[in-house]
Amino acid sequence: MVTAVVGANWGDEGKGKITDMLADEADIVIRFQGGANAGHTIVNNYGKFALHTLPSGVFHSHITNIIGNGVALDIPKVMSEIKSITDRNVPAPKIMISDRAQMVMPYHVLFDQYEEERLGKNSFGSTKSGIAPFYSDKYAKIGFQVSELFDEELLQAKEEELLATLHEYRDMVAPYVGDVSLFLDKAIKEGKKILLEGQLGTLKDPDHGIYPMVTSSSTLAAYGAIGAGIPPYEIKKIVTVSKAYSSAVGAGAFVSEIFGDEADELRRRGGDGGEFGATTGRPR
């Protein structure tokens, strides 16, 4: 059975905690969209962790953790994240990365930073992780799929400076790459329990959220099938995680906002150690 876990608000609802809890009875956990621009905070017997791209099942030895084709894959960040948890005595997780995932390149990050600076006070509150330029390239059909890393003829057609980066990425990611759609088709037929884990929340969706202060990929459960590589009718259950009060990370328009001492006190009391972005540290 496939269950999708998504946020009902603007992110920061606690999806990582819920996914981690549900993972006790799951076989596979899949991140199906977004990139390393947001964090899922998890507190367990190993300590407190903020996961950015890794699925929230990485603390369970029986789980296969999949980074799906819908994810904005920043390979060095994923490798660093794996090391950050194993350095804290977490057993090496089982990880599989879709060969159809596309890669965040260093120039995506630079484009993101330059654009936010250009917009100034009219910026969209980007985390400057390259996510918007990445998705722009993906839908303009000029991005790089992971599968291309293993086609030397294709790689040789790239610019020399870019080729060195792509070779480096290939060596990093090679042990984890696989045909995720084929793997999941077999798992579904075998009756495995699968969790789809979304990033951010419904109201950050580019179609149904508070546009333009939104993210660049669909945050809805419906997109889980596309971003993971499974048929939509296989999603049998949707778990929406809601927060008792509204919060969002970033700049720009929001439904309401409290300032001053009162806001600081609420931030201090909220969440696991306060209401601050798990990735950026920015106050919510």
# chains A, B, ... in the order shown; residues from 1 in each chain; ligands from 1
>>> residues_around(residues="A:Gly209", least_positions_apart="4", cutoff="12 Å", atoms="only C-alpha atoms", output="ChimeraX atom specification")
/A:7-11,200-205,213-220,254-255
>>> write_last_selection(atoms="N, CA and C atoms", output="mmCIF file, in the first residue's frame")
data_model
loop_
_atom_site.group_PDB
_atom_site.id
_atom_site.type_symbol
_atom_site.label_atom_id
_atom_site.label_comp_id
_atom_site.auth_asym_id
_atom_site.auth_seq_id
_atom_site.Cartn_x
_atom_site.Cartn_y
_atom_site.Cartn_z
ATOM 1 N N GLY A 7 2.265 18.287 3.705
ATOM 2 C CA GLY A 7 1.925 19.375 4.607
ATOM 3 C C GLY A 7 0.632 20.060 4.192
ATOM 4 N N ALA A 8 -0.169 20.453 5.175
ATOM 5 C CA ALA A 8 -1.444 21.119 4.888
ATOM 6 C C ALA A 8 -1.303 22.637 4.904
ATOM 7 N N ASN A 9 -0.172 23.144 5.370
ATOM 8 C CA ASN A 9 0.007 24.592 5.508
ATOM 9 C C ASN A 9 1.132 25.079 4.593
ATOM 10 N N TRP A 10 2.089 25.824 5.159
ATOM 11 C CA TRP A 10 3.162 26.439 4.366
ATOM 12 C C TRP A 10 4.506 25.745 4.617
ATOM 13 N N GLY A 11 4.481 24.498 5.011
ATOM 14 C CA GLY A 11 5.692 23.815 5.450
ATOM 15 C C GLY A 11 5.852 23.965 6.948
ATOM 16 N N LEU A 200 7.826 20.953 2.035
ATOM 17 C CA LEU A 200 7.016 22.163 2.190
ATOM 18 C C LEU A 200 5.544 21.789 2.362
ATOM 19 N N GLY A 201 4.613 22.678 2.006
ATOM 20 C CA GLY A 201 3.217 22.406 2.269
ATOM 21 C C GLY A 201 2.328 22.817 1.114
ATOM 22 N N THR A 202 1.053 22.428 1.210
ATOM 23 C CA THR A 202 0.077 22.667 0.155
ATOM 24 C C THR A 202 0.029 24.127 -0.285
ATOM 25 N N LEU A 203 0.135 25.041 0.673
ATOM 26 C CA LEU A 203 -0.017 26.455 0.357
ATOM 27 C C LEU A 203 1.260 27.081 -0.205
ATOM 28 N N LYS A 204 2.281 26.239 -0.442
ATOM 29 C CA LYS A 204 3.466 26.661 -1.188
ATOM 30 C C LYS A 204 3.473 26.064 -2.597
ATOM 31 N N ASP A 205 2.366 25.405 -2.957
ATOM 32 C CA ASP A 205 2.257 24.822 -4.288
ATOM 33 C C ASP A 205 2.146 25.936 -5.335
ATOM 34 N N MET A 213 4.592 33.749 -3.884
ATOM 35 C CA MET A 213 5.479 33.379 -2.773
ATOM 36 C C MET A 213 5.407 31.871 -2.541
ATOM 37 N N VAL A 214 5.749 31.119 -3.576
ATOM 38 C CA VAL A 214 5.595 29.663 -3.553
ATOM 39 C C VAL A 214 6.925 28.998 -3.899
ATOM 40 N N THR A 215 6.936 27.689 -3.827
ATOM 41 C CA THR A 215 8.113 26.940 -4.262
ATOM 42 C C THR A 215 7.976 26.641 -5.751
ATOM 43 N N SER A 216 8.914 25.880 -6.316
ATOM 44 C CA SER A 216 8.961 25.697 -7.767
ATOM 45 C C SER A 216 8.535 24.308 -8.222
ATOM 46 N N SER A 217 8.044 23.475 -7.297
ATOM 47 C CA SER A 217 7.516 22.161 -7.668
ATOM 48 C C SER A 217 6.238 21.923 -6.893
ATOM 49 N N SER A 218 5.395 21.051 -7.405
ATOM 50 C CA SER A 218 4.116 20.795 -6.752
ATOM 51 C C SER A 218 4.318 20.070 -5.433
ATOM 52 N N THR A 219 3.685 20.594 -4.386
ATOM 53 C CA THR A 219 3.819 20.030 -3.038
ATOM 54 C C THR A 219 2.649 19.119 -2.687
ATOM 55 N N LEU A 220 1.753 18.855 -3.631
ATOM 56 C CA LEU A 220 0.524 18.121 -3.358
ATOM 57 C C LEU A 220 0.722 16.610 -3.436
ATOM 58 N N PHE A 254 2.743 37.265 3.463
ATOM 59 C CA PHE A 254 2.205 36.125 4.184
ATOM 60 C C PHE A 254 0.813 36.523 4.662
ATOM 61 N N VAL A 255 0.039 35.555 5.135
ATOM 62 C CA VAL A 255 -1.349 35.857 5.509
ATOM 63 C C VAL A 255 -1.442 36.832 6.679
#
>>> residues_around(residues="stretch 81-90 of chain A", least_positions_apart="3", cutoff="10 Å", atoms="only C-alpha atoms", output="VMD selection string")
chain A and resid 36 45 to 47 49 to 54 58 to 61 75 to 78 93 95
>>> write_last_selection(atoms="N, CA, C and O atoms", output="PDB file, in the first residue's frame")
ATOM      1  N   ALA A  36      17.163  20.618  -1.630  1.00  0.00           N
ATOM      2  CA  ALA A  36      17.815  20.744  -0.322  1.00  0.00           C
ATOM      3  C   ALA A  36      17.536  22.099   0.311  1.00  0.00           C
ATOM      4  O   ALA A  36      18.261  22.539   1.192  1.00  0.00           O
ATOM      5  N   ASN A  45      16.474   8.497  18.998  1.00  0.00           N
ATOM      6  CA  ASN A  45      17.477   7.997  19.943  1.00  0.00           C
ATOM      7  C   ASN A  45      18.903   8.369  19.545  1.00  0.00           C
ATOM      8  O   ASN A  45      19.816   8.335  20.381  1.00  0.00           O
ATOM      9  N   TYR A  46      19.120   8.711  18.292  1.00  0.00           N
ATOM     10  CA  TYR A  46      20.444   9.101  17.831  1.00  0.00           C
ATOM     11  C   TYR A  46      20.726  10.580  18.092  1.00  0.00           C
ATOM     12  O   TYR A  46      21.872  11.002  18.057  1.00  0.00           O
ATOM     13  N   GLY A  47      19.674  11.364  18.304  1.00  0.00           N
ATOM     14  CA  GLY A  47      19.835  12.796  18.535  1.00  0.00           C
ATOM     15  C   GLY A  47      18.839  13.590  17.712  1.00  0.00           C
ATOM     16  O   GLY A  47      17.782  13.092  17.328  1.00  0.00           O
ATOM     17  N   PHE A  49      18.166  15.786  14.244  1.00  0.00           N
ATOM     18  CA  PHE A  49      18.684  15.884  12.894  1.00  0.00           C
ATOM     19  C   PHE A  49      17.773  16.765  12.040  1.00  0.00           C
ATOM     20  O   PHE A  49      16.556  16.805  12.248  1.00  0.00           O
ATOM     21  N   ALA A  50      18.366  17.461  11.092  1.00  0.00           N
ATOM     22  CA  ALA A  50      17.609  18.195  10.083  1.00  0.00           C
ATOM     23  C   ALA A  50      17.955  17.592   8.724  1.00  0.00           C
ATOM     24  O   ALA A  50      19.070  17.755   8.233  1.00  0.00           O
ATOM     25  N   LEU A  51      17.007  16.846   8.155  1.00  0.00           N
ATOM     26  CA  LEU A  51      17.224  16.234   6.850  1.00  0.00           C
ATOM     27  C   LEU A  51      16.791  17.204   5.761  1.00  0.00           C
ATOM     28  O   LEU A  51      15.766  17.873   5.881  1.00  0.00           O
ATOM     29  N   HIS A  52      17.572  17.273   4.679  1.00  0.00           N
ATOM     30  CA  HIS A  52      17.299  18.233   3.626  1.00  0.00           C
ATOM     31  C   HIS A  52      16.860  17.560   2.328  1.00  0.00           C
ATOM     32  O   HIS A  52      15.931  18.009   1.682  1.00  0.00           O
ATOM     33  N   THR A  53      17.526  16.492   1.949  1.00  0.00           N
ATOM     34  CA  THR A  53      17.123  15.729   0.765  1.00  0.00           C
ATOM     35  C   THR A  53      16.834  14.277   1.105  1.00  0.00           C
ATOM     36  O   THR A  53      15.952  13.663   0.512  1.00  0.00           O
ATOM     37  N   LEU A  54      17.552  13.731   2.056  1.00  0.00           N
ATOM     38  CA  LEU A  54      17.347  12.326   2.407  1.00  0.00           C
ATOM     39  C   LEU A  54      15.932  12.097   2.926  1.00  0.00           C
ATOM     40  O   LEU A  54      15.405  12.909   3.694  1.00  0.00           O
ATOM     41  N   VAL A  58      15.678   7.167   6.900  1.00  0.00           N
ATOM     42  CA  VAL A  58      17.097   6.774   6.937  1.00  0.00           C
ATOM     43  C   VAL A  58      17.552   6.288   8.313  1.00  0.00           C
ATOM     44  O   VAL A  58      18.640   5.724   8.428  1.00  0.00           O
ATOM     45  N   PHE A  59      16.736   6.497   9.347  1.00  0.00           N
ATOM     46  CA  PHE A  59      17.124   6.041  10.681  1.00  0.00           C
ATOM     47  C   PHE A  59      16.623   4.635  10.973  1.00  0.00           C
ATOM     48  O   PHE A  59      16.809   4.123  12.073  1.00  0.00           O
ATOM     49  N   HIS A  60      15.992   4.007   9.991  1.00  0.00           N
ATOM     50  CA  HIS A  60      15.448   2.658  10.148  1.00  0.00           C
ATOM     51  C   HIS A  60      16.203   1.709   9.223  1.00  0.00           C
ATOM     52  O   HIS A  60      16.193   1.874   8.005  1.00  0.00           O
ATOM     53  N   SER A  61      16.839   0.703   9.779  1.00  0.00           N
ATOM     54  CA  SER A  61      17.704  -0.181   8.993  1.00  0.00           C
ATOM     55  C   SER A  61      16.929  -1.037   7.990  1.00  0.00           C
ATOM     56  O   SER A  61      17.499  -1.507   7.006  1.00  0.00           O
ATOM     57  N   ILE A  75      23.889  16.703  -5.746  1.00  0.00           N
ATOM     58  CA  ILE A  75      24.655  15.501  -5.391  1.00  0.00           C
ATOM     59  C   ILE A  75      25.654  15.743  -4.254  1.00  0.00           C
ATOM     60  O   ILE A  75      25.692  14.971  -3.291  1.00  0.00           O
ATOM     61  N   PRO A  76      26.483  16.807  -4.291  1.00  0.00           N
ATOM     62  CA  PRO A  76      27.407  17.004  -3.169  1.00  0.00           C
ATOM     63  C   PRO A  76      26.677  17.163  -1.831  1.00  0.00           C
ATOM     64  O   PRO A  76      27.151  16.675  -0.796  1.00  0.00           O
ATOM     65  N   LYS A  77      25.520  17.828  -1.842  1.00  0.00           N
ATOM     66  CA  LYS A  77      24.774  18.007  -0.596  1.00  0.00           C
ATOM     67  C   LYS A  77      24.227  16.688  -0.078  1.00  0.00           C
ATOM     68  O   LYS A  77      24.202  16.437   1.132  1.00  0.00           O
ATOM     69  N   VAL A  78      23.774  15.829  -0.976  1.00  0.00           N
ATOM     70  CA  VAL A  78      23.273  14.518  -0.552  1.00  0.00           C
ATOM     71  C   VAL A  78      24.404  13.693   0.052  1.00  0.00           C
ATOM     72  O   VAL A  78      24.240  13.054   1.098  1.00  0.00           O
ATOM     73  N   PRO A  93      22.445   4.068   5.876  1.00  0.00           N
ATOM     74  CA  PRO A  93      21.102   3.758   5.388  1.00  0.00           C
ATOM     75  C   PRO A  93      21.125   3.140   3.997  1.00  0.00           C
ATOM     76  O   PRO A  93      22.085   3.307   3.238  1.00  0.00           O
ATOM     77  N   ILE A  95      20.009   3.475   0.456  1.00  0.00           N
ATOM     78  CA  ILE A  95      19.595   4.619  -0.350  1.00  0.00           C
ATOM     79  C   ILE A  95      19.610   4.244  -1.827  1.00  0.00           C
ATOM     80  O   ILE A  95      20.531   3.589  -2.314  1.00  0.00           O
TER      81      ILE A  95
END
>>> closest_atom_pairs(of="stretch 2-79 of chain A", to="stretch 143-163 of chain A", cutoff="12 Å", atoms="only C-alpha atoms", output="JSON lines")
{"residue": "A:Ile67", "atom": "CA", "partner": "A:Val146", "partner_atom": "CA", "distance": 11.6}
{"residue": "A:Gly68", "atom": "CA", "partner": "A:Val146", "partner_atom": "CA", "distance": 11.2}
{"residue": "A:Asn69", "atom": "CA", "partner": "A:Gln145", "partner_atom": "CA", "distance": 9.0}
{"residue": "A:Gly70", "atom": "CA", "partner": "A:Gln145", "partner_atom": "CA", "distance": 11.0}
{"residue": "A:Val71", "atom": "CA", "partner": "A:Gln145", "partner_atom": "CA", "distance": 11.0}
{"residue": "A:Ala72", "atom": "CA", "partner": "A:Gln145", "partner_atom": "CA", "distance": 10.3}
{"residue": "A:Leu73", "atom": "CA", "partner": "A:Val146", "partner_atom": "CA", "distance": 8.8}
{"residue": "A:Asp74", "atom": "CA", "partner": "A:Val146", "partner_atom": "CA", "distance": 10.8}
{"residue": "A:Ile75", "atom": "CA", "partner": "A:Val146", "partner_atom": "CA", "distance": 9.7}
>>> residues_around(residues="A:Lys237", least_positions_apart="4", cutoff="8 Å", atoms="only C-alpha atoms", output="list in words")
Val2, Thr3 and Ala4 of chain A
>>> residues_around(residues="A:Ala221", least_positions_apart="4", cutoff="8 Å", atoms="only C-alpha atoms", output="list in words")
Ala4, Val5, Val6, Gly198, Ala225 and Ile238 of chain A
>>> residues_around(residues="A:Ile18", least_positions_apart="6", cutoff="10 Å", atoms="only C-alpha atoms", output="compact mmCIF listing (two decimals) with C-alpha atoms, in the first residue's frame")
# COMPACT_ATOMS: atom_id res chain seq x y z
CA VAL A 5 2.55 12.37 3.70
CA VAL A 6 2.16 16.05 2.83
CA ILE A 42 13.67 14.62 13.46
CA SER A 56 12.96 10.50 6.74
CA GLU A 197 7.28 12.15 1.60
CA VAL A 239 -1.80 11.87 5.58
CA THR A 240 -1.91 15.67 5.79
CA VAL A 241 0.09 17.25 8.59
>>> select_by_dssp(residues="stretch 154-262 of chain A", states="strand (DSSP E)", output="PyMOL selection string")
chain A and resi 177-178+194-201+235-241
>>> write_last_selection(atoms="C-alpha atoms", output="mmCIF file, in the first residue's frame")
data_model
loop_
_atom_site.group_PDB
_atom_site.id
_atom_site.type_symbol
_atom_site.label_atom_id
_atom_site.label_comp_id
_atom_site.auth_asym_id
_atom_site.auth_seq_id
_atom_site.Cartn_x
_atom_site.Cartn_y
_atom_site.Cartn_z
ATOM 1 C CA VAL A 177 21.668 4.964 -8.821
ATOM 2 C CA GLY A 178 18.984 2.600 -10.045
ATOM 3 C CA ILE A 194 5.507 2.572 0.778
ATOM 4 C CA LEU A 195 5.580 6.133 2.126
ATOM 5 C CA LEU A 196 5.752 9.158 -0.169
ATOM 6 C CA GLU A 197 7.282 12.149 1.597
ATOM 7 C CA GLY A 198 6.639 15.651 0.280
ATOM 8 C CA GLN A 199 8.503 18.858 1.013
ATOM 9 C CA LEU A 200 7.016 22.163 2.190
ATOM 10 C CA GLY A 201 3.217 22.406 2.269
ATOM 11 C CA ILE A 235 -1.848 5.996 -3.581
ATOM 12 C CA LYS A 236 -4.420 4.541 -1.180
ATOM 13 C CA LYS A 237 -4.006 6.906 1.775
ATOM 14 C CA ILE A 238 -3.049 10.550 2.236
ATOM 15 C CA VAL A 239 -1.804 11.871 5.580
ATOM 16 C CA THR A 240 -1.905 15.667 5.791
ATOM 17 C CA VAL A 241 0.092 17.247 8.592
#
>>> residues_around(residues="A:Pro55", least_positions_apart="2", cutoff="7 Å", atoms="only C-alpha atoms", output="list of chain:residue names")
A:Val29, A:Ile30, A:Arg31, A:Thr53, A:Gly57, A:Val58, A:Asn65, A:Ile66
>>> select_by_dssp(residues="stretch 27-271 of chain A", states="alpha helix (DSSP H)", output="PyMOL selection string")
chain A and resi 75-86+106-119+131-139+152-156+160-173+180-189+221-228+260-269
>>> atom_distance(atom1="atom CA of A:Ile188", atom2="atom CA of A:Glu234")
8.2 Å
>>> atom_distance(atom1="atom CA of A:Asp264", atom2="atom CA of A:Ser242")
22.0 Å
>>> atom_distance(atom1="atom CA of A:Tyr107", atom2="atom CA of A:Ala164")
14.0 Å
>>> residues_around(residues="A:Lys192", least_positions_apart="2", cutoff="8 Å", atoms="only C-alpha atoms", output="MDAnalysis selection string")
chainID A and resid 1 26:28 187:190 194
>>> write_last_selection(atoms="N, CA and C atoms", output="mmCIF file, in the first residue's frame")
data_model
loop_
_atom_site.group_PDB
_atom_site.id
_atom_site.type_symbol
_atom_site.label_atom_id
_atom_site.label_comp_id
_atom_site.auth_asym_id
_atom_site.auth_seq_id
_atom_site.Cartn_x
_atom_site.Cartn_y
_atom_site.Cartn_z
ATOM 1 N N MET A 1 0.840 -1.197 0.000
ATOM 2 C CA MET A 1 0.000 0.000 0.000
ATOM 3 C C MET A 1 0.873 1.244 0.000
ATOM 4 N N ALA A 26 6.810 0.672 7.638
ATOM 5 C CA ALA A 26 6.956 0.795 6.185
ATOM 6 C C ALA A 26 8.171 0.018 5.694
ATOM 7 N N ASP A 27 8.201 -0.219 4.397
ATOM 8 C CA ASP A 27 9.341 -0.878 3.762
ATOM 9 C C ASP A 27 10.173 0.090 2.933
ATOM 10 N N ILE A 28 9.513 1.105 2.390
ATOM 11 C CA ILE A 28 10.161 2.053 1.478
ATOM 12 C C ILE A 28 9.668 3.458 1.792
ATOM 13 N N ALA A 187 7.927 -3.781 -5.989
ATOM 14 C CA ALA A 187 7.583 -3.648 -4.574
ATOM 15 C C ALA A 187 6.072 -3.582 -4.370
ATOM 16 N N ILE A 188 5.373 -2.851 -5.243
ATOM 17 C CA ILE A 188 3.917 -2.729 -5.144
ATOM 18 C C ILE A 188 3.260 -4.089 -5.376
ATOM 19 N N LYS A 189 3.743 -4.815 -6.367
ATOM 20 C CA LYS A 189 3.185 -6.142 -6.663
ATOM 21 C C LYS A 189 3.423 -7.121 -5.519
ATOM 22 N N GLU A 190 4.489 -6.885 -4.757
ATOM 23 C CA GLU A 190 4.798 -7.754 -3.606
ATOM 24 C C GLU A 190 4.073 -7.309 -2.339
ATOM 25 N N ILE A 194 4.700 1.492 1.344
ATOM 26 C CA ILE A 194 5.507 2.572 0.778
ATOM 27 C C ILE A 194 4.989 3.917 1.282
#
